[in-house]
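K.L.:
Sharing a structure here in structure tokens format.
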Amino acid sequence: MKAHDTTGWRNPWFRKSILWLIVLTVGAFLAGFVLLPSVHSDFSAKGVWASICRAAGVPADWSFGAAPRQAATATDVVLDRSMGKEGSRQAVGRGATLALNCTMCHGAQGMSTSDAPNLSGQYPEVIIKQLMDYRGGKRGSPIMVALSRNLSDADIADLAAYYAQLPKARTAPTTYDEELPALVRVGAPLRNIAPCVSCHGGIDQKFGAPWLEGMPKGYLALQLKAFRSGERGNDSEAQMRNVARTMTDAEIEDVSAFYARKAGPRTE
């Protein structure tokens, strides 16, 4: 007598188990890659591959539209903790004299009335690095390259000491108790974007990252777009280029407007 085949397709229980396995697999796929991601407010269906990458926590596209234009140069400045030390009274005095050449764009007290960056209260290592990058041609700006060309290392340190001791350009530091844009508070982990507050002061500061609160909106938006396109490339290890590469125009507008709202009252 022939033994009963329990694994053959003619066995109804075998057929049912295979069919149910297929149904459960398809259902789990739809739930994990379509249903659950769709509950997020920023979800938009862009195909199966995008849904899989979103569910897996990795970006589906590592570029923003067209391939970003790579900057021709990168910074040569090595940040050292000594750059962040408070300057002496003599250094501040010499820096104040040198800063007379900067007032047209950056204001008499480091608070710009145009779209130039506010320097009042800026971290000294930030000013030192940027001036050295301008002087070395690692950051582009016809005006700043010309003004920094003849500055010595001591001159740059004195300027940084002067601006660092001025009051910071803000009404109040950023805290988690206020309403913050998503990229400022938590970033965008699926796109490898760290929260702005983890580096740029207010809540926490990464050595060498500038204080952004109170910066002019136009300046911030311009720099984020320059990082995004690769036009600006003096960020160490391409940190800001990697952050800005997938930022949308709306996100750049939102972040720039938030930090610009933190400006303190004008004293000029």
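Following the order of the structure tokens, chains are lettered A, B, ..., residues in each are numbered from 1, and ligands are numbered from 1.
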Range 121-134 of chain A: which residues within 9 Å, counting only C-alpha atoms, same-chain residues fewer than 4 positions away excluded, as a ChimeraX atom specification?

P.N.:
/A:74-87,110,138-141,144-149,151,153,156-157,159-169,207-212,234

K.L.:
Tell me, as a list of chain:residue names, which residues lie within 8 Å of range 245-255 of chain A, counting only C-alpha atoms; anything in the same chain fewer than 2 positions away does not count.

P.N.:
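Counting only the stated atoms, we get A:Trp62, A:Ser63, A:Phe64, A:Pro68, A:Pro181, A:Leu183, A:Val184, A:Arg191, A:Ala221, A:Leu224, A:Lys225, A:Phe227, A:Arg228, A:Ser229, A:Arg241, A:Asn242, A:Val243, A:Ala257, A:Phe258, A:Tyr259.
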
K.L.:
Pick from A:Leu100, A:Gly214, A:Gly93, A:Asp155: nearest to Arg135 in chain A, with only C-alpha atoms counted?

P.N.:
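Closest to Arg135 in chain A of all the choices is A:Asp155.
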
K.L.:
I want to know what sits within 9 Å of Val197 in chain A, based on only C-alpha atoms, with residues of the same chain fewer than 3 positions away left out; could you give that as a PyMOL selection string?

P.N.:
chain A and resi 174-175+183-187+194+200-205

K.L.:
Would you give me, as a ChimeraX atom specification, the residues in range 48-251 of chain A that DSSP reads as alpha helix (DSSP H)?

P.N.:
/A:48-56,89-98,103-106,124-135,142-148,153-164,182-185,217-229,239-244,249-251

K.L.:
Which residues in range 124-234 of chain A does DSSP call strand (DSSP E)? List them as a list in words.

P.N.:
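Matching residues for strand (DSSP E) in range 124-234 of chain A are His200, Gly201, Asp204 and Gln205 of chain A.
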
K.L.:
Include N, CA and C atoms and write out the residues we just selected as an mmCIF file, in the first residue's frame.

P.N.:
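This went into selection_17.cif:
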```cif
data_model
loop_
_atom_site.group_PDB
_atom_site.id
_atom_site.type_symbol
_atom_site.label_atom_id
_atom_site.label_comp_id
_atom_site.auth_asym_id
_atom_site.auth_seq_id
_atom_site.Cartn_x
_atom_site.Cartn_y
_atom_site.Cartn_z
ATOM 1 N N HIS A 200 24.751 73.672 16.924
ATOM 2 C CA HIS A 200 24.833 75.112 16.701
ATOM 3 C C HIS A 200 24.367 75.971 17.863
ATOM 4 N N GLY A 201 24.781 75.633 19.084
ATOM 5 C CA GLY A 201 24.546 76.514 20.207
ATOM 6 C C GLY A 201 23.131 76.470 20.730
ATOM 7 N N ASP A 204 23.189 72.872 22.625
ATOM 8 C CA ASP A 204 24.501 72.221 22.631
ATOM 9 C C ASP A 204 25.332 72.831 21.518
ATOM 10 N N GLN A 205 26.656 72.756 21.658
ATOM 11 C CA GLN A 205 27.529 73.327 20.635
ATOM 12 C C GLN A 205 28.700 72.403 20.353
#
```

K.L.:
Pick the closest to Asn192 in chain A from A:Ala244, A:Leu119, A:Leu220, A:Gly230: which is it, counting only C-alpha atoms?

P.N.:
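Nearest candidate to Asn192 in chain A out of A:Ala244, A:Leu119, A:Leu220, A:Gly230: A:Ala244.
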
K.L.:
Report, in Å with one decimal, the straight-line distance from CA of Met240 in chain A to CA of Met111 in chain A.

P.N.:
24.2 Å
